[in-house]
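Participant: Following this line is model13.cif, made up of mmCIF, N, CA and C atoms:
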```cif
data_upload
#
loop_
_atom_site.label_atom_id
_atom_site.label_comp_id
_atom_site.auth_asym_id
_atom_site.auth_seq_id
_atom_site.Cartn_x
_atom_site.Cartn_y
_atom_site.Cartn_z
N ALA J 21 -32.92 9.14 -6.10
CA ALA J 21 -32.46 10.00 -5.03
C ALA J 21 -33.14 9.62 -3.72
N ALA J 22 -34.44 9.31 -3.80
CA ALA J 22 -35.17 8.95 -2.59
C ALA J 22 -34.61 7.66 -1.98
N ALA J 23 -34.25 6.71 -2.83
CA ALA J 23 -33.68 5.46 -2.33
C ALA J 23 -32.34 5.71 -1.65
N ALA J 24 -31.53 6.57 -2.25
CA ALA J 24 -30.23 6.90 -1.66
C ALA J 24 -30.41 7.59 -0.31
N MET J 25 -31.35 8.50 -0.23
CA MET J 25 -31.61 9.19 1.04
C MET J 25 -32.13 8.21 2.09
N GLY J 26 -32.98 7.27 1.66
CA GLY J 26 -33.47 6.26 2.60
C GLY J 26 -32.35 5.40 3.14
N MET J 27 -31.43 5.01 2.26
CA MET J 27 -30.28 4.20 2.70
C MET J 27 -29.39 5.01 3.63
N ALA J 28 -29.15 6.28 3.30
CA ALA J 28 -28.32 7.13 4.15
C ALA J 28 -28.97 7.27 5.53
N TYR J 29 -30.28 7.48 5.55
CA TYR J 29 -30.97 7.60 6.83
C TYR J 29 -30.80 6.31 7.64
N PHE J 30 -31.04 5.17 6.99
CA PHE J 30 -30.98 3.89 7.69
C PHE J 30 -29.58 3.62 8.24
N PHE J 31 -28.57 3.74 7.39
CA PHE J 31 -27.22 3.36 7.79
C PHE J 31 -26.49 4.43 8.60
N VAL J 32 -26.73 5.70 8.31
CA VAL J 32 -25.97 6.75 8.98
C VAL J 32 -26.68 7.27 10.22
N LEU J 33 -27.93 7.61 10.08
CA LEU J 33 -28.62 8.27 11.19
C LEU J 33 -29.24 7.28 12.17
N SER J 34 -29.92 6.27 11.67
CA SER J 34 -30.63 5.36 12.56
C SER J 34 -29.71 4.37 13.26
N HIS J 35 -28.59 4.05 12.64
CA HIS J 35 -27.70 3.04 13.20
C HIS J 35 -26.28 3.58 13.32
N GLN J 36 -26.14 4.72 13.96
CA GLN J 36 -24.83 5.37 14.03
C GLN J 36 -23.78 4.51 14.71
N ASN J 37 -24.17 3.71 15.68
CA ASN J 37 -23.19 2.88 16.38
C ASN J 37 -22.68 1.75 15.48
N SER J 38 -23.42 1.40 14.45
CA SER J 38 -23.02 0.33 13.53
C SER J 38 -22.29 0.87 12.31
N PHE J 39 -22.28 2.16 12.14
CA PHE J 39 -21.71 2.78 10.96
C PHE J 39 -20.20 2.86 11.12
N ASP J 40 -19.45 2.13 10.29
CA ASP J 40 -18.00 2.03 10.48
C ASP J 40 -17.19 2.96 9.59
N VAL J 41 -17.80 3.98 9.04
CA VAL J 41 -17.07 4.92 8.19
C VAL J 41 -16.69 6.13 9.03
N ARG J 42 -15.47 6.58 8.85
CA ARG J 42 -15.00 7.80 9.51
C ARG J 42 -14.54 8.75 8.42
N TRP J 43 -14.87 10.00 8.56
CA TRP J 43 -14.49 10.99 7.56
C TRP J 43 -13.15 11.58 7.93
N CYS J 44 -12.36 11.87 6.93
CA CYS J 44 -11.03 12.44 7.12
C CYS J 44 -11.15 13.87 7.63
N LYS J 45 -10.40 14.21 8.68
CA LYS J 45 -10.39 15.57 9.22
C LYS J 45 -9.27 16.35 8.55
N GLY J 46 -9.53 16.83 7.36
CA GLY J 46 -8.54 17.50 6.53
C GLY J 46 -8.56 16.85 5.17
N SER J 47 -7.66 17.27 4.31
CA SER J 47 -7.65 16.69 2.96
C SER J 47 -7.02 15.29 3.01
N VAL J 48 -7.52 14.41 2.19
CA VAL J 48 -6.99 13.05 2.11
C VAL J 48 -5.53 13.10 1.68
N ALA J 49 -5.20 14.03 0.79
CA ALA J 49 -3.82 14.15 0.31
C ALA J 49 -2.86 14.48 1.45
N SER J 50 -3.23 15.45 2.30
CA SER J 50 -2.30 15.88 3.35
C SER J 50 -2.33 14.98 4.58
N LYS J 51 -3.46 14.37 4.87
CA LYS J 51 -3.58 13.58 6.10
C LYS J 51 -3.27 12.10 5.91
N ILE J 52 -3.44 11.59 4.69
CA ILE J 52 -3.23 10.16 4.45
C ILE J 52 -2.09 9.91 3.49
N PHE J 53 -2.19 10.46 2.27
CA PHE J 53 -1.21 10.11 1.24
C PHE J 53 0.17 10.70 1.49
N ALA J 54 0.27 11.96 1.89
CA ALA J 54 1.59 12.57 2.11
C ALA J 54 2.38 11.83 3.19
N PRO J 55 1.80 11.53 4.37
CA PRO J 55 2.56 10.77 5.37
C PRO J 55 2.91 9.36 4.89
N TRP J 56 2.02 8.75 4.14
CA TRP J 56 2.26 7.41 3.62
C TRP J 56 3.43 7.42 2.64
N VAL J 57 3.42 8.38 1.71
CA VAL J 57 4.52 8.50 0.75
C VAL J 57 5.83 8.75 1.47
N GLU J 58 5.82 9.64 2.47
CA GLU J 58 7.04 9.95 3.22
C GLU J 58 7.58 8.70 3.92
N GLN J 59 6.71 7.93 4.52
CA GLN J 59 7.14 6.70 5.20
C GLN J 59 7.74 5.71 4.20
N LEU J 60 7.11 5.56 3.05
CA LEU J 60 7.63 4.64 2.04
C LEU J 60 8.98 5.12 1.50
N GLN J 61 9.12 6.42 1.28
CA GLN J 61 10.39 6.96 0.81
C GLN J 61 11.50 6.73 1.84
N ASN J 62 11.16 6.86 3.12
CA ASN J 62 12.14 6.60 4.18
C ASN J 62 12.58 5.14 4.21
N ARG J 63 11.77 4.27 3.62
CA ARG J 63 12.10 2.83 3.54
C ARG J 63 12.75 2.47 2.21
N GLY J 64 13.06 3.48 1.40
CA GLY J 64 13.78 3.22 0.16
C GLY J 64 12.93 3.15 -1.10
N VAL J 65 11.63 3.38 -0.99
CA VAL J 65 10.77 3.35 -2.17
C VAL J 65 11.02 4.63 -2.98
N LYS J 66 11.17 4.46 -4.29
CA LYS J 66 11.38 5.60 -5.18
C LYS J 66 10.11 5.81 -6.00
N PHE J 67 9.55 7.00 -5.93
CA PHE J 67 8.36 7.34 -6.70
C PHE J 67 8.78 8.07 -7.96
N LEU J 68 8.08 7.80 -9.03
CA LEU J 68 8.35 8.45 -10.32
C LEU J 68 7.08 9.16 -10.77
N PRO J 69 6.78 10.32 -10.18
CA PRO J 69 5.55 11.02 -10.56
C PRO J 69 5.58 11.47 -12.01
N SER J 70 4.42 11.52 -12.60
CA SER J 70 4.25 11.93 -14.00
C SER J 70 5.04 11.04 -14.95
N THR J 71 5.22 9.79 -14.58
CA THR J 71 5.92 8.83 -15.42
C THR J 71 4.92 7.78 -15.88
N ARG J 72 4.83 7.60 -17.19
CA ARG J 72 3.85 6.67 -17.74
C ARG J 72 4.48 5.31 -18.00
N ALA J 73 3.81 4.27 -17.53
CA ALA J 73 4.23 2.90 -17.84
C ALA J 73 3.67 2.55 -19.21
N ALA J 74 4.55 2.17 -20.13
CA ALA J 74 4.11 1.84 -21.49
C ALA J 74 3.78 0.37 -21.64
N ASP J 75 4.47 -0.49 -20.88
CA ASP J 75 4.26 -1.93 -21.03
C ASP J 75 4.75 -2.65 -19.79
N ILE J 76 4.19 -3.81 -19.55
CA ILE J 76 4.66 -4.71 -18.49
C ILE J 76 5.50 -5.76 -19.19
N LYS J 77 6.74 -5.89 -18.77
CA LYS J 77 7.63 -6.88 -19.38
C LYS J 77 7.34 -8.26 -18.78
N ILE J 78 7.22 -9.25 -19.65
CA ILE J 78 6.90 -10.62 -19.23
C ILE J 78 8.13 -11.49 -19.41
N ASP J 79 8.45 -12.27 -18.38
CA ASP J 79 9.62 -13.15 -18.40
C ASP J 79 9.43 -14.26 -19.42
N LYS J 80 10.49 -14.62 -20.10
CA LYS J 80 10.46 -15.72 -21.07
C LYS J 80 11.57 -16.70 -20.74
N ASP J 81 11.33 -17.96 -21.04
CA ASP J 81 12.38 -18.96 -20.82
C ASP J 81 13.39 -18.92 -21.97
N ALA J 82 14.39 -19.79 -21.92
CA ALA J 82 15.46 -19.80 -22.93
C ALA J 82 14.91 -20.05 -24.33
N GLY J 83 13.77 -20.75 -24.44
CA GLY J 83 13.17 -21.02 -25.74
C GLY J 83 12.25 -19.92 -26.23
N GLY J 84 12.14 -18.83 -25.46
CA GLY J 84 11.29 -17.72 -25.85
C GLY J 84 9.84 -17.87 -25.45
N ARG J 85 9.52 -18.92 -24.68
CA ARG J 85 8.13 -19.13 -24.24
C ARG J 85 7.85 -18.27 -23.01
N THR J 86 6.66 -17.70 -22.97
CA THR J 86 6.25 -16.87 -21.85
C THR J 86 6.15 -17.70 -20.58
N ARG J 87 6.70 -17.14 -19.49
CA ARG J 87 6.64 -17.82 -18.18
C ARG J 87 5.48 -17.33 -17.33
N ASN J 88 4.66 -16.43 -17.86
CA ASN J 88 3.52 -15.88 -17.12
C ASN J 88 3.95 -15.18 -15.83
N LYS J 89 5.09 -14.49 -15.89
CA LYS J 89 5.59 -13.77 -14.72
C LYS J 89 6.12 -12.42 -15.18
N ALA J 90 5.66 -11.37 -14.52
CA ALA J 90 6.17 -10.04 -14.84
C ALA J 90 7.61 -9.92 -14.36
N CYS J 91 8.44 -9.27 -15.16
CA CYS J 91 9.84 -9.10 -14.77
C CYS J 91 10.28 -7.65 -14.85
N GLY J 92 9.36 -6.75 -15.17
CA GLY J 92 9.72 -5.35 -15.22
C GLY J 92 8.65 -4.49 -15.86
N VAL J 93 8.94 -3.21 -15.92
CA VAL J 93 8.03 -2.24 -16.52
C VAL J 93 8.81 -1.41 -17.51
N GLU J 94 8.28 -1.29 -18.72
CA GLU J 94 8.88 -0.40 -19.72
C GLU J 94 8.18 0.95 -19.61
N LEU J 95 8.97 2.01 -19.47
CA LEU J 95 8.41 3.35 -19.35
C LEU J 95 8.23 3.98 -20.73
N SER J 96 7.44 5.04 -20.78
CA SER J 96 7.14 5.66 -22.06
C SER J 96 8.38 6.23 -22.75
N ASP J 97 9.45 6.49 -21.99
CA ASP J 97 10.69 6.98 -22.61
C ASP J 97 11.56 5.85 -23.14
N GLY J 98 11.08 4.60 -23.02
CA GLY J 98 11.81 3.44 -23.51
C GLY J 98 12.69 2.76 -22.49
N SER J 99 12.93 3.40 -21.35
CA SER J 99 13.74 2.76 -20.31
C SER J 99 12.93 1.65 -19.63
N VAL J 100 13.64 0.71 -19.03
CA VAL J 100 12.99 -0.43 -18.40
C VAL J 100 13.41 -0.51 -16.94
N LEU J 101 12.43 -0.68 -16.06
CA LEU J 101 12.69 -0.91 -14.64
C LEU J 101 12.54 -2.41 -14.40
N ASP J 102 13.63 -3.09 -14.04
CA ASP J 102 13.55 -4.51 -13.73
C ASP J 102 12.84 -4.69 -12.40
N ALA J 103 12.12 -5.79 -12.26
CA ALA J 103 11.36 -6.02 -11.02
C ALA J 103 11.19 -7.51 -10.77
N ASP J 104 11.06 -7.86 -9.50
CA ASP J 104 10.72 -9.23 -9.11
C ASP J 104 9.22 -9.45 -9.21
N ALA J 105 8.47 -8.37 -9.05
CA ALA J 105 7.01 -8.42 -9.12
C ALA J 105 6.51 -7.05 -9.55
N VAL J 106 5.33 -7.01 -10.12
CA VAL J 106 4.70 -5.75 -10.53
C VAL J 106 3.32 -5.70 -9.93
N VAL J 107 3.03 -4.64 -9.20
CA VAL J 107 1.70 -4.44 -8.61
C VAL J 107 0.98 -3.42 -9.47
N MET J 108 -0.16 -3.81 -10.01
CA MET J 108 -0.95 -2.90 -10.83
C MET J 108 -2.15 -2.45 -10.02
N ALA J 109 -1.98 -1.37 -9.30
CA ALA J 109 -3.04 -0.85 -8.44
C ALA J 109 -3.87 0.14 -9.22
N VAL J 110 -4.65 -0.38 -10.14
CA VAL J 110 -5.50 0.43 -11.01
C VAL J 110 -6.89 -0.18 -11.06
N GLY J 111 -7.83 0.61 -11.50
CA GLY J 111 -9.19 0.10 -11.68
C GLY J 111 -9.29 -0.76 -12.93
N MET J 112 -10.46 -1.35 -13.12
CA MET J 112 -10.65 -2.28 -14.24
C MET J 112 -10.50 -1.59 -15.59
N THR J 113 -11.02 -0.38 -15.74
CA THR J 113 -10.91 0.32 -17.01
C THR J 113 -9.45 0.55 -17.38
N ALA J 114 -8.66 1.02 -16.42
CA ALA J 114 -7.23 1.24 -16.67
C ALA J 114 -6.52 -0.09 -16.93
N MET J 115 -6.89 -1.12 -16.18
CA MET J 115 -6.27 -2.43 -16.37
C MET J 115 -6.52 -2.95 -17.79
N GLN J 116 -7.74 -2.81 -18.27
CA GLN J 116 -8.05 -3.26 -19.62
C GLN J 116 -7.24 -2.48 -20.65
N GLY J 117 -7.03 -1.18 -20.42
CA GLY J 117 -6.21 -0.38 -21.32
C GLY J 117 -4.76 -0.83 -21.31
N ILE J 118 -4.24 -1.16 -20.14
CA ILE J 118 -2.86 -1.65 -20.02
C ILE J 118 -2.71 -2.97 -20.77
N ILE J 119 -3.67 -3.86 -20.61
CA ILE J 119 -3.61 -5.17 -21.29
C ILE J 119 -3.66 -4.99 -22.79
N ARG J 120 -4.57 -4.12 -23.27
CA ARG J 120 -4.70 -3.90 -24.72
C ARG J 120 -3.41 -3.36 -25.32
N SER J 121 -2.72 -2.49 -24.59
CA SER J 121 -1.51 -1.87 -25.15
C SER J 121 -0.24 -2.68 -24.88
N SER J 122 -0.33 -3.71 -24.05
CA SER J 122 0.85 -4.49 -23.69
C SER J 122 1.16 -5.54 -24.75
N LYS J 123 2.45 -5.67 -25.04
CA LYS J 123 2.88 -6.70 -25.99
C LYS J 123 2.84 -8.09 -25.35
N GLY J 124 2.99 -8.16 -24.03
CA GLY J 124 3.07 -9.45 -23.36
C GLY J 124 1.84 -9.87 -22.58
N LEU J 125 1.18 -8.93 -21.92
CA LEU J 125 0.05 -9.32 -21.06
C LEU J 125 -1.08 -9.97 -21.83
N GLY J 126 -1.35 -9.48 -23.03
CA GLY J 126 -2.45 -10.04 -23.83
C GLY J 126 -2.21 -11.47 -24.27
N THR J 127 -0.96 -11.94 -24.18
CA THR J 127 -0.66 -13.33 -24.56
C THR J 127 -0.91 -14.29 -23.41
N ILE J 128 -1.14 -13.77 -22.21
CA ILE J 128 -1.42 -14.61 -21.03
C ILE J 128 -2.94 -14.74 -20.92
N PRO J 129 -3.47 -15.96 -20.99
CA PRO J 129 -4.93 -16.15 -21.05
C PRO J 129 -5.70 -15.45 -19.93
N GLU J 130 -5.19 -15.48 -18.71
CA GLU J 130 -5.91 -14.85 -17.60
C GLU J 130 -6.07 -13.35 -17.82
N PHE J 131 -5.04 -12.72 -18.36
CA PHE J 131 -5.13 -11.29 -18.63
C PHE J 131 -5.98 -11.01 -19.87
N ALA J 132 -5.83 -11.82 -20.89
CA ALA J 132 -6.61 -11.63 -22.12
C ALA J 132 -8.11 -11.68 -21.81
N ARG J 133 -8.52 -12.57 -20.93
CA ARG J 133 -9.94 -12.70 -20.58
C ARG J 133 -10.46 -11.49 -19.81
N MET J 134 -9.57 -10.74 -19.15
CA MET J 134 -10.02 -9.55 -18.41
C MET J 134 -10.65 -8.52 -19.33
N ASN J 135 -10.23 -8.50 -20.59
CA ASN J 135 -10.80 -7.54 -21.52
C ASN J 135 -12.24 -7.85 -21.88
N ASN J 136 -12.73 -9.02 -21.49
CA ASN J 136 -14.14 -9.38 -21.73
C ASN J 136 -15.03 -9.00 -20.56
N LEU J 137 -14.45 -8.53 -19.47
CA LEU J 137 -15.23 -8.19 -18.29
C LEU J 137 -15.85 -6.82 -18.44
N GLY J 138 -17.08 -6.71 -18.00
CA GLY J 138 -17.73 -5.40 -17.88
C GLY J 138 -17.71 -5.05 -16.41
N ALA J 139 -17.17 -3.91 -16.07
CA ALA J 139 -17.04 -3.58 -14.66
C ALA J 139 -17.13 -2.08 -14.45
N VAL J 140 -17.43 -1.73 -13.24
CA VAL J 140 -17.43 -0.33 -12.82
C VAL J 140 -16.34 -0.20 -11.77
N ASP J 141 -15.49 0.81 -11.91
CA ASP J 141 -14.42 1.02 -10.95
C ASP J 141 -15.00 1.55 -9.64
N VAL J 142 -14.80 0.82 -8.58
CA VAL J 142 -15.25 1.23 -7.25
C VAL J 142 -14.11 0.97 -6.29
N CYS J 143 -13.90 1.88 -5.37
CA CYS J 143 -12.81 1.70 -4.42
C CYS J 143 -13.34 1.91 -3.01
N ALA J 144 -13.10 0.95 -2.16
CA ALA J 144 -13.39 1.08 -0.74
C ALA J 144 -12.15 0.60 0.00
N VAL J 145 -11.72 1.36 0.96
CA VAL J 145 -10.51 1.00 1.68
C VAL J 145 -10.83 0.90 3.16
N ARG J 146 -10.39 -0.16 3.76
CA ARG J 146 -10.50 -0.31 5.21
C ARG J 146 -9.10 -0.48 5.75
N LEU J 147 -8.77 0.32 6.73
CA LEU J 147 -7.46 0.24 7.35
C LEU J 147 -7.63 -0.24 8.79
N TRP J 148 -6.90 -1.27 9.15
CA TRP J 148 -6.87 -1.74 10.52
C TRP J 148 -5.49 -1.41 11.07
N VAL J 149 -5.44 -0.85 12.23
CA VAL J 149 -4.16 -0.49 12.83
C VAL J 149 -3.91 -1.33 14.05
N ASP J 150 -2.65 -1.49 14.41
CA ASP J 150 -2.28 -2.37 15.52
C ASP J 150 -2.18 -1.65 16.86
N LYS J 151 -2.45 -0.34 16.86
CA LYS J 151 -2.43 0.43 18.10
C LYS J 151 -3.30 1.66 17.93
N PRO J 152 -3.72 2.29 19.00
CA PRO J 152 -4.55 3.49 18.88
C PRO J 152 -3.83 4.59 18.09
N VAL J 153 -4.60 5.34 17.33
CA VAL J 153 -4.06 6.43 16.52
C VAL J 153 -4.63 7.73 17.08
N THR J 154 -3.75 8.66 17.40
CA THR J 154 -4.19 9.96 17.89
C THR J 154 -4.46 10.86 16.70
N LEU J 155 -5.68 11.36 16.63
CA LEU J 155 -6.05 12.24 15.53
C LEU J 155 -5.84 13.69 15.92
N PRO J 156 -5.33 14.50 14.98
CA PRO J 156 -5.10 15.93 15.30
C PRO J 156 -6.41 16.67 15.48
#
```
Could you spell out this file's structure in structure tokens?
Facilitator:
Amino acid sequence: AAAAMGMAYFFVLSHQNSFDVRWCKGSVASKIFAPWVEQLQNRGVKFLPSTRAADIKIDKDAGGRTRNKACGVELSDGSVLDADAVVMAVGMTAMQGIIRSSKGLGTIPEFARMNNLGAVDVCAVRLWVDKPVTLP
């Protein structure tokens, strides 16, 4: 605890002009995620809340060999969403669970090796904007 307080003092209080973190003025859900979701929906993105992905579908050639390319997502209800690409925006623990339960991902060496990694999920986000943002 003393080390954490020392670091906080050094980075936050002693060097305030160098400290590049800004705290959200309101809830992150209402100030960041809700407007982001609305903007994406206005661009045609469809969200499926409370929908579990059961597997990542892997493309195969005519001979049945894996092409190492995702081609869709199988949902827990058995339906499949076809895709040109799949973005897995999850932490390492969730990623390892997805790989273990996937029929196709575990056959791709790069993904299979991920299950040997020991990691701690940490998230830091930096947003750069192209114009000034007026805060409420």
Participant: Take the PyMOL selection byres (((chain J and resi 91 and name CA) around 7) and name CA), apply it to the structure above, and return the hits as a CSV table (one decimal) with N, CA and C atoms, keeping the file's coordinate frame.
Facilitator:
```
chain,number,residue,atom,x,y,z
J,77,LYS,N,6.7,-5.9,-18.8
J,77,LYS,CA,7.6,-6.9,-19.4
J,77,LYS,C,7.3,-8.3,-18.8
J,78,ILE,N,7.2,-9.2,-19.6
J,78,ILE,CA,6.9,-10.6,-19.2
J,78,ILE,C,8.1,-11.5,-19.4
J,79,ASP,N,8.4,-12.3,-18.4
J,79,ASP,CA,9.6,-13.2,-18.4
J,79,ASP,C,9.4,-14.3,-19.4
J,89,LYS,N,5.1,-14.5,-15.9
J,89,LYS,CA,5.6,-13.8,-14.7
J,89,LYS,C,6.1,-12.4,-15.2
J,90,ALA,N,5.7,-11.4,-14.5
J,90,ALA,CA,6.2,-10.0,-14.8
J,90,ALA,C,7.6,-9.9,-14.4
J,92,GLY,N,9.4,-6.8,-15.2
J,92,GLY,CA,9.7,-5.4,-15.2
J,92,GLY,C,8.6,-4.5,-15.9
J,102,ASP,N,13.6,-3.1,-14.0
J,102,ASP,CA,13.6,-4.5,-13.7
J,102,ASP,C,12.8,-4.7,-12.4
J,103,ALA,N,12.1,-5.8,-12.3
J,103,ALA,CA,11.4,-6.0,-11.0
J,103,ALA,C,11.2,-7.5,-10.8
J,104,ASP,N,11.1,-7.9,-9.5
J,104,ASP,CA,10.7,-9.2,-9.1
J,104,ASP,C,9.2,-9.4,-9.2
J,105,ALA,N,8.5,-8.4,-9.0
J,105,ALA,CA,7.0,-8.4,-9.1
J,105,ALA,C,6.5,-7.0,-9.6
```
Participant: Using only C-alpha atoms, find all polymer residues with an atom at most 8 Å away from the point (5.1, -4.8, -21.1); report them as a count of residues only.
Facilitator: 12
Participant: For segment 25-116 of chain J against segment 126-131 of chain J, with a cut-off of 10 Å and counting only C-alpha atoms, what is the closest atom pair and its distance in Å to one decimal for every residue that makes the cut, ordered by chain and number, as a Markdown table?
Facilitator:
```
| residue | atom | partner | partner_atom | distance |
| --- | --- | --- | --- | --- |
| J:Ile78 | CA | J:Ile128 | CA | 9.4 |
| J:Thr86 | CA | J:Ile128 | CA | 8.0 |
| J:Arg87 | CA | J:Ile128 | CA | 9.1 |
| J:Asn88 | CA | J:Ile128 | CA | 6.4 |
| J:Lys89 | CA | J:Ile128 | CA | 9.5 |
| J:Met115 | CA | J:Phe131 | CA | 9.2 |
| J:Gln116 | CA | J:Phe131 | CA | 8.6 |
```
Participant: Assuming 3 Å of padding per side, give the centre and edge lengths of the axis-aligned box around every listed atom of segment 146-149 of chain J, in Å to one decimal and as AutoDock Vina command-line options.
Facilitator:
```
--center_x -7.2 --center_y -0.7 --center_z 8.9 --size_x 12.6 --size_y 8.1 --size_z 16.3
```
Participant: Run DSSP on the backbone and tell me which residues of chain J come out as helix (DSSP H, G or I); list them as a VMD selection string.
Facilitator: chain J and resid 22 to 34 36 to 38 48 to 62 112 to 121 125 to 127 129 to 134
Participant: Give the strand (DSSP E) residues of segment 59-131 of chain J, as assigned by DSSP on the backbone, as a PDB file with N, CA and C atoms, keeping the file's coordinate frame.
Facilitator:
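What follows is the written file selection.pdb:
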```pdb
ATOM      1  N   ALA J  73       3.810   4.270 -17.530  1.00  0.00           N
ATOM      2  CA  ALA J  73       4.230   2.900 -17.840  1.00  0.00           C
ATOM      3  C   ALA J  73       3.670   2.550 -19.210  1.00  0.00           C
ATOM      4  N   ALA J  74       4.550   2.170 -20.130  1.00  0.00           N
ATOM      5  CA  ALA J  74       4.110   1.840 -21.490  1.00  0.00           C
ATOM      6  C   ALA J  74       3.780   0.370 -21.640  1.00  0.00           C
ATOM      7  N   ASP J  75       4.470  -0.490 -20.880  1.00  0.00           N
ATOM      8  CA  ASP J  75       4.260  -1.930 -21.030  1.00  0.00           C
ATOM      9  C   ASP J  75       4.750  -2.650 -19.790  1.00  0.00           C
ATOM     10  N   ILE J  76       4.190  -3.810 -19.550  1.00  0.00           N
ATOM     11  CA  ILE J  76       4.660  -4.710 -18.490  1.00  0.00           C
ATOM     12  C   ILE J  76       5.500  -5.760 -19.190  1.00  0.00           C
ATOM     13  N   LYS J  77       6.740  -5.890 -18.770  1.00  0.00           N
ATOM     14  CA  LYS J  77       7.630  -6.880 -19.380  1.00  0.00           C
ATOM     15  C   LYS J  77       7.340  -8.260 -18.780  1.00  0.00           C
ATOM     16  N   ILE J  78       7.220  -9.250 -19.650  1.00  0.00           N
ATOM     17  CA  ILE J  78       6.900 -10.620 -19.230  1.00  0.00           C
ATOM     18  C   ILE J  78       8.130 -11.490 -19.410  1.00  0.00           C
ATOM     19  N   ASP J  79       8.450 -12.270 -18.380  1.00  0.00           N
ATOM     20  CA  ASP J  79       9.620 -13.150 -18.400  1.00  0.00           C
ATOM     21  C   ASP J  79       9.430 -14.260 -19.420  1.00  0.00           C
ATOM     22  N   LYS J  80      10.490 -14.620 -20.100  1.00  0.00           N
ATOM     23  CA  LYS J  80      10.460 -15.720 -21.070  1.00  0.00           C
ATOM     24  C   LYS J  80      11.570 -16.700 -20.740  1.00  0.00           C
ATOM     25  N   THR J  86       6.660 -17.700 -22.970  1.00  0.00           N
ATOM     26  CA  THR J  86       6.250 -16.870 -21.850  1.00  0.00           C
ATOM     27  C   THR J  86       6.150 -17.700 -20.580  1.00  0.00           C
ATOM     28  N   ARG J  87       6.700 -17.140 -19.490  1.00  0.00           N
ATOM     29  CA  ARG J  87       6.640 -17.820 -18.180  1.00  0.00           C
ATOM     30  C   ARG J  87       5.480 -17.330 -17.330  1.00  0.00           C
ATOM     31  N   ASN J  88       4.660 -16.430 -17.860  1.00  0.00           N
ATOM     32  CA  ASN J  88       3.520 -15.880 -17.120  1.00  0.00           C
ATOM     33  C   ASN J  88       3.950 -15.180 -15.830  1.00  0.00           C
ATOM     34  N   LYS J  89       5.090 -14.490 -15.890  1.00  0.00           N
ATOM     35  CA  LYS J  89       5.590 -13.770 -14.720  1.00  0.00           C
ATOM     36  C   LYS J  89       6.120 -12.420 -15.180  1.00  0.00           C
ATOM     37  N   ALA J  90       5.660 -11.370 -14.520  1.00  0.00           N
ATOM     38  CA  ALA J  90       6.170 -10.040 -14.840  1.00  0.00           C
ATOM     39  C   ALA J  90       7.610  -9.920 -14.360  1.00  0.00           C
ATOM     40  N   CYS J  91       8.440  -9.270 -15.160  1.00  0.00           N
ATOM     41  CA  CYS J  91       9.840  -9.100 -14.770  1.00  0.00           C
ATOM     42  C   CYS J  91      10.280  -7.650 -14.850  1.00  0.00           C
ATOM     43  N   GLY J  92       9.360  -6.750 -15.170  1.00  0.00           N
ATOM     44  CA  GLY J  92       9.720  -5.350 -15.220  1.00  0.00           C
ATOM     45  C   GLY J  92       8.650  -4.490 -15.860  1.00  0.00           C
ATOM     46  N   VAL J  93       8.940  -3.210 -15.920  1.00  0.00           N
ATOM     47  CA  VAL J  93       8.030  -2.240 -16.520  1.00  0.00           C
ATOM     48  C   VAL J  93       8.810  -1.410 -17.510  1.00  0.00           C
ATOM     49  N   GLU J  94       8.280  -1.290 -18.720  1.00  0.00           N
ATOM     50  CA  GLU J  94       8.880  -0.400 -19.720  1.00  0.00           C
ATOM     51  C   GLU J  94       8.180   0.950 -19.610  1.00  0.00           C
ATOM     52  N   LEU J  95       8.970   2.010 -19.470  1.00  0.00           N
ATOM     53  CA  LEU J  95       8.410   3.350 -19.350  1.00  0.00           C
ATOM     54  C   LEU J  95       8.230   3.980 -20.730  1.00  0.00           C
ATOM     55  N   VAL J 100      13.640   0.710 -19.030  1.00  0.00           N
ATOM     56  CA  VAL J 100      12.990  -0.430 -18.400  1.00  0.00           C
ATOM     57  C   VAL J 100      13.410  -0.510 -16.940  1.00  0.00           C
ATOM     58  N   LEU J 101      12.430  -0.680 -16.060  1.00  0.00           N
ATOM     59  CA  LEU J 101      12.690  -0.910 -14.640  1.00  0.00           C
ATOM     60  C   LEU J 101      12.540  -2.410 -14.400  1.00  0.00           C
ATOM     61  N   ASP J 102      13.630  -3.090 -14.040  1.00  0.00           N
ATOM     62  CA  ASP J 102      13.550  -4.510 -13.730  1.00  0.00           C
ATOM     63  C   ASP J 102      12.840  -4.690 -12.400  1.00  0.00           C
TER      64      ASP J 102
END
```
